[in-house]
$ cat structure.tsv   # TSV, C-alpha atoms
chain	number	residue	atom	x	y	z
A	24	MET	CA	26.54	-50.39	129.88
A	25	ASN	CA	24.15	-50.19	126.93
A	26	GLY	CA	21.27	-52.47	126.08
A	27	THR	CA	18.07	-52.89	128.02
A	28	ARG	CA	17.94	-54.29	131.53
A	29	THR	CA	14.38	-55.50	131.64
A	30	THR	CA	15.29	-57.77	134.51
A	31	ALA	CA	17.68	-56.84	137.27
A	32	THR	CA	21.39	-57.40	136.78
A	33	ILE	CA	23.69	-57.69	139.75
A	34	GLU	CA	27.38	-57.31	140.36
A	35	ALA	CA	29.29	-58.11	143.55
A	36	ASP	CA	32.53	-56.20	143.22
A	37	PRO	CA	35.52	-58.37	144.13
A	38	THR	CA	37.76	-55.47	145.16
A	39	VAL	CA	35.42	-53.33	147.29
A	40	PRO	CA	32.46	-54.52	149.41
A	41	ILE	CA	29.85	-53.25	146.99
A	42	ILE	CA	26.69	-54.71	145.46
A	43	ARG	CA	25.41	-53.01	142.31
A	44	ILE	CA	22.00	-53.67	140.82
A	45	THR	CA	20.67	-52.19	137.59
A	46	ARG	CA	17.12	-52.37	136.29
A	47	ASP	CA	15.07	-50.50	133.65
A	48	PHE	CA	11.50	-49.40	134.25
A	49	ALA	CA	8.66	-48.39	131.94
A	50	ALA	CA	8.17	-45.17	133.85
A	51	THR	CA	9.55	-41.67	133.95
A	52	ALA	CA	12.37	-40.68	136.30
A	53	ALA	CA	9.84	-38.49	138.15
A	54	GLN	CA	7.53	-41.46	138.71
A	55	LEU	CA	10.40	-43.64	139.90
A	56	PHE	CA	11.54	-40.88	142.25
A	57	ARG	CA	7.99	-40.60	143.61
A	58	ALA	CA	7.78	-44.36	144.20
A	59	HIS	CA	10.99	-44.08	146.26
A	60	THR	CA	10.03	-41.05	148.31
A	61	ASP	CA	6.23	-41.18	148.78
A	62	PRO	CA	5.77	-43.27	151.96
A	63	GLU	CA	2.51	-44.93	150.88
A	64	LEU	CA	3.91	-45.95	147.52
A	65	PHE	CA	7.24	-47.09	148.96
A	66	ALA	CA	5.61	-49.30	151.60
A	67	ARG	CA	3.72	-51.14	148.87
A	68	TRP	CA	6.75	-52.48	147.03
A	69	VAL	CA	9.76	-52.53	149.32
A	70	GLY	CA	9.11	-55.61	151.46
A	71	PRO	CA	9.16	-59.24	150.36
A	72	ASP	CA	5.80	-60.60	149.15
A	73	ALA	CA	5.15	-62.58	152.30
A	74	MET	CA	5.87	-59.62	154.57
A	75	SER	CA	3.94	-56.53	155.47
A	76	THR	CA	5.96	-53.35	155.77
A	77	THR	CA	5.03	-50.50	158.08
A	78	LEU	CA	6.76	-47.16	157.84
A	79	ASP	CA	7.47	-46.04	161.37
A	80	HIS	CA	9.08	-42.77	160.37
A	81	TRP	CA	9.65	-41.26	156.94
A	82	ASP	CA	11.14	-37.88	156.01
A	83	ALA	CA	12.44	-38.22	152.46
A	84	ARG	CA	14.36	-34.96	152.28
A	85	THR	CA	18.07	-34.17	152.32
A	86	GLY	CA	19.01	-34.44	155.99
A	87	GLY	CA	15.88	-36.43	156.83
A	88	SER	CA	15.65	-39.96	158.19
A	89	TRP	CA	13.54	-43.08	157.92
A	90	ARG	CA	12.61	-46.28	159.71
A	91	TYR	CA	10.42	-49.16	158.66
A	92	VAL	CA	9.51	-52.56	160.05
A	93	SER	CA	8.78	-55.66	157.99
A	94	ALA	CA	6.75	-58.34	159.72
A	95	GLN	CA	6.00	-61.97	158.97
A	96	ASP	CA	4.52	-64.65	161.27
A	97	GLY	CA	5.09	-62.56	164.38
A	98	MET	CA	8.73	-61.88	163.47
A	99	GLU	CA	9.73	-58.27	162.96
A	100	PHE	CA	12.70	-56.87	161.09
A	101	GLY	CA	13.50	-53.21	161.63
A	102	PHE	CA	15.56	-51.06	159.28
A	103	HIS	CA	16.57	-47.43	159.60
A	104	GLY	CA	18.82	-44.81	158.09
A	105	CYS	CA	19.30	-41.20	157.08
A	106	PHE	CA	18.67	-39.46	153.81
A	107	HIS	CA	22.00	-37.89	153.00
A	108	GLU	CA	20.77	-36.38	149.76
A	109	VAL	CA	17.40	-36.48	148.03
A	110	ARG	CA	17.06	-34.94	144.59
A	111	PRO	CA	15.07	-35.92	141.48
A	112	ASP	CA	17.90	-37.85	139.80
A	113	ARG	CA	19.64	-39.28	142.89
A	114	ILE	CA	19.05	-40.51	146.42
A	115	VAL	CA	21.92	-41.17	148.83
A	116	GLN	CA	21.07	-42.77	152.15
A	117	THR	CA	22.44	-44.89	154.95
A	118	PHE	CA	20.93	-48.29	155.66
A	119	THR	CA	21.06	-50.33	158.86
A	120	TRP	CA	19.35	-53.62	159.59
A	121	GLU	CA	18.56	-53.49	163.28
A	122	GLY	CA	19.51	-57.16	163.69
A	123	ASP	CA	23.07	-55.93	163.18
A	124	PRO	CA	22.84	-52.48	164.77
A	125	ASP	CA	26.52	-51.60	164.34
A	126	GLY	CA	26.46	-52.35	160.62
A	127	VAL	CA	25.70	-49.59	158.15
A	128	ALA	CA	25.71	-49.47	154.37
A	129	LEU	CA	25.79	-46.41	152.14
A	130	GLU	CA	23.28	-46.64	149.31
A	131	THR	CA	23.34	-44.53	146.18
A	132	LEU	CA	20.36	-44.69	143.83
A	133	THR	CA	20.30	-42.93	140.47
A	134	PHE	CA	17.41	-42.45	138.06
A	135	GLU	CA	18.63	-42.12	134.49
A	136	ASP	CA	16.15	-41.02	131.81
A	137	LEU	CA	16.46	-43.38	128.83
A	138	GLY	CA	13.85	-41.56	126.73
A	139	ASP	CA	10.50	-42.98	125.56
A	140	GLY	CA	9.21	-42.98	129.12
A	141	ARG	CA	11.85	-45.44	130.29
A	142	THR	CA	14.20	-44.96	133.19
A	143	ARG	CA	17.23	-46.89	134.42
A	144	LEU	CA	17.56	-47.36	138.15
A	145	ARG	CA	21.03	-48.03	139.46
A	146	THR	CA	21.56	-48.90	143.10
A	147	GLN	CA	24.94	-49.22	144.71
A	148	SER	CA	25.28	-50.52	148.26
A	149	LEU	CA	28.65	-49.95	149.87
A	150	CYS	CA	28.90	-52.15	152.95
A	151	ASP	CA	31.33	-51.57	155.81
A	152	SER	CA	33.17	-54.87	155.31
A	153	PHE	CA	33.34	-57.83	152.93
A	154	GLU	CA	31.82	-59.99	155.70
A	155	ALA	CA	28.82	-57.66	155.89
A	156	ARG	CA	28.45	-57.54	152.12
A	157	ASP	CA	28.67	-61.30	151.79
A	158	GLY	CA	26.21	-61.65	154.65
A	159	TRP	CA	23.73	-59.69	152.56
A	160	LEU	CA	24.39	-61.84	149.53
A	161	ARG	CA	23.96	-64.95	151.62
A	162	SER	CA	20.64	-63.68	152.93
A	163	GLY	CA	19.34	-64.24	149.38
A	164	MET	CA	19.44	-67.95	150.24
A	165	GLU	CA	16.30	-67.56	152.32
A	166	VAL	CA	14.28	-67.23	149.15
A	167	GLY	CA	15.05	-70.86	148.48
A	168	VAL	CA	14.32	-70.76	144.77
A	169	ASP	CA	16.20	-73.47	142.97
A	170	GLN	CA	17.76	-72.22	139.78
A	171	GLY	CA	20.18	-73.79	137.41
A	172	HIS	CA	23.85	-73.28	137.98
A	173	ALA	CA	25.37	-70.24	136.43
A	174	LYS	CA	28.38	-70.77	134.29
A	175	LEU	CA	31.80	-70.35	135.77
A	176	ASP	CA	32.89	-68.15	132.89
A	177	ALA	CA	30.00	-65.75	133.57
A	178	LEU	CA	31.27	-65.47	137.11
A	179	LEU	CA	34.73	-64.62	135.97
A	180	THR	CA	33.98	-62.23	133.12
A	181	ALA	CA	35.97	-59.06	133.13
A	182	GLY	CA	37.98	-60.30	136.08
A	183	GLY	CA	35.06	-59.70	138.38
A	184	ILE	CA	32.35	-61.70	140.03
A	185	ALA	CA	29.48	-60.62	137.89
A	186	GLY	CA	26.20	-62.42	137.80
A	187	THR	CA	24.04	-61.40	134.86
A	188	ALA	CA	20.37	-61.71	134.31
A	189	ARG	CA	19.31	-64.91	132.68
A	190	GLY	CA	15.61	-64.47	133.25
A	191	ALA	CA	12.94	-64.25	130.63
A	192	GLY	CA	13.42	-61.40	128.24
A	193	ALA	CA	17.04	-60.83	129.27
B	13	MET	CA	37.52	-64.09	158.09
B	14	THR	CA	36.28	-67.51	158.96
B	15	ASP	CA	33.19	-67.95	156.86
B	16	PRO	CA	33.87	-69.66	153.55
B	17	LEU	CA	32.11	-67.24	151.23
B	18	SER	CA	33.98	-64.25	152.67
B	19	GLN	CA	37.25	-66.15	152.34
B	20	ALA	CA	36.50	-66.99	148.73
B	21	PHE	CA	35.60	-63.39	147.89
B	22	ALA	CA	38.67	-62.08	149.68
B	23	ALA	CA	40.93	-64.54	147.88
B	24	LEU	CA	39.55	-63.35	144.55
B	25	ALA	CA	40.08	-59.68	145.39
B	26	ASP	CA	43.62	-60.00	144.00
B	27	PRO	CA	44.06	-59.72	140.21
B	28	THR	CA	46.86	-62.31	139.99
B	29	ARG	CA	44.76	-64.83	141.87
B	30	ARG	CA	41.77	-64.15	139.64
B	31	ASP	CA	44.03	-64.69	136.64
B	32	LEU	CA	45.28	-67.98	138.07
B	33	VAL	CA	41.69	-69.13	138.59
B	34	VAL	CA	40.73	-68.22	135.03
B	35	ARG	CA	43.67	-70.22	133.68
B	36	LEU	CA	42.75	-73.21	135.85
B	37	THR	CA	39.31	-73.31	134.22
B	38	ASP	CA	41.16	-74.79	131.19
B	39	GLY	CA	42.35	-77.70	133.30
B	40	ASP	CA	44.77	-78.66	136.07
B	41	ALA	CA	48.27	-77.22	135.96
B	42	THR	CA	51.42	-77.42	138.06
B	43	VAL	CA	52.78	-74.46	140.01
B	44	GLY	CA	55.65	-74.25	137.53
B	45	GLN	CA	53.28	-74.10	134.56
B	46	LEU	CA	51.12	-71.50	136.30
B	47	ALA	CA	54.12	-69.36	137.22
B	48	ALA	CA	55.71	-69.42	133.75
B	49	PRO	CA	53.92	-66.40	132.18
B	50	TYR	CA	54.54	-64.10	135.17
B	51	GLN	CA	57.49	-61.88	135.99
B	52	VAL	CA	57.28	-62.93	139.64
B	53	SER	CA	58.96	-65.90	141.32
B	54	VAL	CA	57.50	-69.38	141.59
B	55	GLN	CA	57.46	-68.79	145.37
B	56	ALA	CA	55.21	-65.76	144.92
B	57	ILE	CA	52.80	-67.80	142.79
B	58	SER	CA	52.95	-70.56	145.40
B	59	LYS	CA	51.86	-68.04	148.04
B	60	HIS	CA	48.91	-66.96	145.90
B	61	LEU	CA	47.92	-70.59	145.41
B	62	LYS	CA	48.08	-71.17	149.15
B	63	VAL	CA	45.56	-68.36	149.67
B	64	LEU	CA	43.27	-69.86	147.01
B	65	GLU	CA	43.69	-73.29	148.62
B	66	GLN	CA	42.81	-71.99	152.09
B	67	ALA	CA	39.71	-70.38	150.62
B	68	GLY	CA	38.71	-73.76	149.17
B	69	LEU	CA	38.94	-72.51	145.59
B	70	VAL	CA	41.73	-74.83	144.49
B	71	SER	CA	43.15	-78.10	145.78
B	72	ARG	CA	46.43	-79.99	145.48
B	73	ARG	CA	46.99	-83.63	146.18
B	74	ALA	CA	50.45	-82.92	147.52
B	75	GLU	CA	52.81	-80.05	148.24
B	76	GLY	CA	55.51	-79.37	145.70
B	77	HIS	CA	55.82	-77.80	142.31
B	78	ARG	CA	55.01	-80.92	140.29
B	79	SER	CA	51.70	-81.65	141.92
B	80	PRO	CA	48.84	-80.40	139.73
B	81	VAL	CA	46.58	-77.68	141.04
B	82	HIS	CA	42.87	-78.37	140.62
B	83	LEU	CA	40.05	-75.82	140.53
B	84	GLU	CA	37.18	-76.55	142.92
B	85	ALA	CA	34.32	-75.40	140.73
B	86	GLU	CA	31.62	-76.14	143.34
B	87	VAL	CA	32.72	-73.17	145.42
B	88	PHE	CA	32.14	-70.91	142.43
B	89	ASP	CA	28.77	-72.50	141.85
B	90	LEU	CA	27.86	-71.75	145.44
B	91	MET	CA	28.99	-68.12	145.18
B	92	THR	CA	27.12	-67.70	141.91
B	93	LYS	CA	24.01	-69.25	143.39
B	94	TRP	CA	24.04	-66.91	146.35
B	95	ILE	CA	24.46	-63.89	144.15
B	96	GLU	CA	21.76	-65.13	141.77
B	97	ARG	CA	19.28	-65.61	144.60
B	98	TYR	CA	19.97	-62.14	145.89
B	99	ARG	CA	19.36	-60.88	142.36
B	100	GLN	CA	16.07	-62.73	142.16
B	101	ARG	CA	14.95	-61.11	145.37
B	102	ALA	CA	15.80	-57.69	143.99
B	103	GLU	CA	13.93	-58.56	140.78
B	104	ALA	CA	10.86	-59.62	142.79
B	105	ARG	CA	10.95	-56.27	144.58
B	106	TYR	CA	11.23	-54.42	141.28
B	107	ARG	CA	8.26	-56.34	139.84
B	108	ARG	CA	6.19	-55.02	142.72
B	109	LEU	CA	7.55	-51.58	141.89
B	110	ASP	CA	6.48	-52.11	138.23
B	111	VAL	CA	2.90	-52.58	139.45
B	112	VAL	CA	3.01	-49.42	141.56
B	113	LEU	CA	4.46	-47.44	138.64
B	114	ALA	CA	1.79	-48.72	136.23
B	115	GLU	CA	-0.85	-47.41	138.62
B	116	LEU	CA	0.85	-44.02	138.71
B	117	ASP	CA	0.58	-43.97	134.94
B	118	ASP	CA	-3.16	-44.67	135.15
B	119	GLU	CA	-3.55	-41.91	137.71
B	120	GLU	CA	-1.90	-39.44	135.41
B	121	THR	CA	-3.62	-40.43	132.17
B	122	GLY	CA	-6.46	-42.86	132.81
B	123	HIS	CA	-8.78	-41.04	135.18
B	124	ARG	CA	-9.74	-38.39	132.72
B	125	PRO	CA	-12.84	-39.34	130.76
B	126	THR	CA	-12.09	-40.45	127.22
B	127	ARG	CA	-13.65	-38.64	124.30
B	128	ALA	CA	-16.03	-41.54	123.76
B	129	GLU	CA	-17.28	-41.27	127.36
B	130	GLU	CA	-17.68	-37.51	127.05
B	131	THR	CA	-19.85	-37.74	123.97
B	132	ALA	CA	-21.87	-40.71	125.20
$ encode --input "structure.tsv" --output "structure tokens"
Amino acid sequence: MNGTRTTATIEADPTVPIIRITRDFAATAAQLFRAHTDPELFARWVGPDAMSTTLDHWDARTGGSWRYVSAQDGMEFGFHGCFHEVRPDRIVQTFTWEGDPDGVALETLTFEDLGDGRTRLRTQSLCDSFEARDGWLRSGMEVGVDQGHAKLDALLTAGGIAGTARGAGA
Amino acid sequence: MTDPLSQAFAALADPTRRDLVVRLTDGDATVGQLAAPYQVSVQAISKHLKVLEQAGLVSRRAEGHRSPVHLEAEVFDLMTKWIERYRQRAEARYRRLDVVLAELDDEETGHRPTRAEETA
């Protein structure tokens, strides 16, 4: 797991319904933590570009909870969850999209200091079923960006289904 | 599990089936050829292939051990595409986060007057 991850890398685990994303930032762990817990900062980056995100409720402390609504063209998407643990190097929280109110994912975020003012963010989303996980992956289709086909061997590396970054600078 | 992507992922959750798929990337092979390196019976390999077939990952023109098994690469392309698009969305989110973080940096270091401004 060495080397820089200047663009996000993703892995959909074939044996458990997990999505893992890793990305490096030119910021300290403390700054990254702040951008994830300060409501005004968080609202600025979380939603898709075309959407505006409003934080309905936000208590980023261990045992706290949150809810936000993303809106676009009169359509609203609500999300809510609980902060299971909030500490400077790690946030654990539940995540529910209100369009599927019975579904809940467990998200673990870690901020790893890489030195030189760089920090690696790892997010792991454990969904409650493969169907739910694959539903999330499929939701990426809405972006509708046409990219070249990834190679079959990349998909099958290490016996897993691992997509790797092929963007600029990767 | 009715939706095709879930079926494909579920079929690949088994290490033997993943191994079979990797070997089929070299070209079509019969059940007998595929079963040869394993300690398990041809019937067991046949069962694995049936799961892969139902998930749309492989195809056979006919039943039977002599009929070659063919890998349906398009399904993998589709899975890869979905994962890649999800990744791109995450990357777009993180680029917005980059901007927010850069501003935090300015807040911490940039708002103090520089020495040039102080002496001016």
$ interface_residues --input "structure.tsv" --of "chain B" --to "chain A" --cutoff "6 Å" --atoms "all atoms listed in the file" --output "list in words"
Ser18, Ala25, Trp94, Ile95, Arg97, Tyr98, Arg99, Glu103, Arg108 and Leu109 of chain B
$ atom_distance --input "structure.tsv" --atom1 "atom CA of A:Arg28" --atom2 "atom CA of A:Arg143"
8.0 Å
$ atom_distance --input "structure.tsv" --atom1 "atom CA of B:Ala23" --atom2 "atom CA of B:Leu61"
9.6 Å
$ atom_distance --input "structure.tsv" --atom1 "atom CA of A:Gln116" --atom2 "atom CA of A:Leu149"
10.7 Å
$ residues_around --input "structure.tsv" --residues "B:Leu24" --least-positions-apart "4" --cutoff "8 Å" --atoms "only C-alpha atoms" --output "list in words"
Pro37 of chain A; Ala20, Arg29, Arg30 and Leu64 of chain B
$ axis_aligned_box --input "structure.tsv" --around "stretch 89-107 of chain A" --padding-each-side "4 Å" --output "lines of an AutoDock Vina configuration file"
center_x = 13.3
center_y = -51.3
center_z = 158.7
size_x = 25.5
size_y = 34.8
size_z = 19.4
$ residues_near_point --input "structure.tsv" --point "(46.7, -73.0, 135.2)" --cutoff "12 Å" --atoms "all atoms listed in the file" --output "ChimeraX atom specification"
/B:28-50,57,61,70,80-83
$ write_last_selection --input "structure.tsv" --atoms "C-alpha atoms" --output "compact mmCIF listing (two decimals), in the coordinates of the input"
# COMPACT_ATOMS: atom_id res chain seq x y z
CA THR B 28 46.86 -62.31 139.99
CA ARG B 29 44.76 -64.83 141.87
CA ARG B 30 41.77 -64.15 139.64
CA ASP B 31 44.03 -64.69 136.64
CA LEU B 32 45.28 -67.98 138.07
CA VAL B 33 41.69 -69.13 138.59
CA VAL B 34 40.73 -68.22 135.03
CA ARG B 35 43.67 -70.22 133.68
CA LEU B 36 42.75 -73.21 135.85
CA THR B 37 39.31 -73.31 134.22
CA ASP B 38 41.16 -74.79 131.19
CA GLY B 39 42.35 -77.70 133.30
CA ASP B 40 44.77 -78.66 136.07
CA ALA B 41 48.27 -77.22 135.96
CA THR B 42 51.42 -77.42 138.06
CA VAL B 43 52.78 -74.46 140.01
CA GLY B 44 55.65 -74.25 137.53
CA GLN B 45 53.28 -74.10 134.56
CA LEU B 46 51.12 -71.50 136.30
CA ALA B 47 54.12 -69.36 137.22
CA ALA B 48 55.71 -69.42 133.75
CA PRO B 49 53.92 -66.40 132.18
CA TYR B 50 54.54 -64.10 135.17
CA ILE B 57 52.80 -67.80 142.79
CA LEU B 61 47.92 -70.59 145.41
CA VAL B 70 41.73 -74.83 144.49
CA PRO B 80 48.84 -80.40 139.73
CA VAL B 81 46.58 -77.68 141.04
CA HIS B 82 42.87 -78.37 140.62
CA LEU B 83 40.05 -75.82 140.53
$ closest_residue --input "structure.tsv" --among "B:Ala104, B:Ala74, B:Leu69, B:Val63" --to "B:Asp26" --atoms "all atoms listed in the file"
B:Val63
$ residues_around --input "structure.tsv" --residues "A:Met98" --least-positions-apart "5" --cutoff "12 Å" --atoms "all atoms listed in the file" --output "PyMOL selection string"
chain A and resi 73-76+92-93+122
$ residues_around --input "structure.tsv" --residues "A:Gly104" --least-positions-apart "2" --cutoff "9 Å" --atoms "all atoms listed in the file" --output "list in words"
Gly87, Ser88, Trp89, Arg90, Phe102, Phe106, Gln116, Thr117, Phe118, Thr119, Trp120 and Val127 of chain A
$ write_last_selection --input "structure.tsv" --atoms "C-alpha atoms" --output "JSON list (two decimals), in the frame of the given file"
[["chain", "number", "residue", "atom", "x", "y", "z"],
["A", 87, "GLY", "CA", 15.88, -36.43, 156.83],
["A", 88, "SER", "CA", 15.65, -39.96, 158.19],
["A", 89, "TRP", "CA", 13.54, -43.08, 157.92],
["A", 90, "ARG", "CA", 12.61, -46.28, 159.71],
["A", 102, "PHE", "CA", 15.56, -51.06, 159.28],
["A", 106, "PHE", "CA", 18.67, -39.46, 153.81],
["A", 116, "GLN", "CA", 21.07, -42.77, 152.15],
["A", 117, "THR", "CA", 22.44, -44.89, 154.95],
["A", 118, "PHE", "CA", 20.93, -48.29, 155.66],
["A", 119, "THR", "CA", 21.06, -50.33, 158.86],
["A", 120, "TRP", "CA", 19.35, -53.62, 159.59],
["A", 127, "VAL", "CA", 25.70, -49.59, 158.15]]
$ closest_residue --input "structure.tsv" --among "B:Glu96, B:Val54, B:Val111, B:Leu90" --to "B:His77" --atoms "only C-alpha atoms"
B:Val54
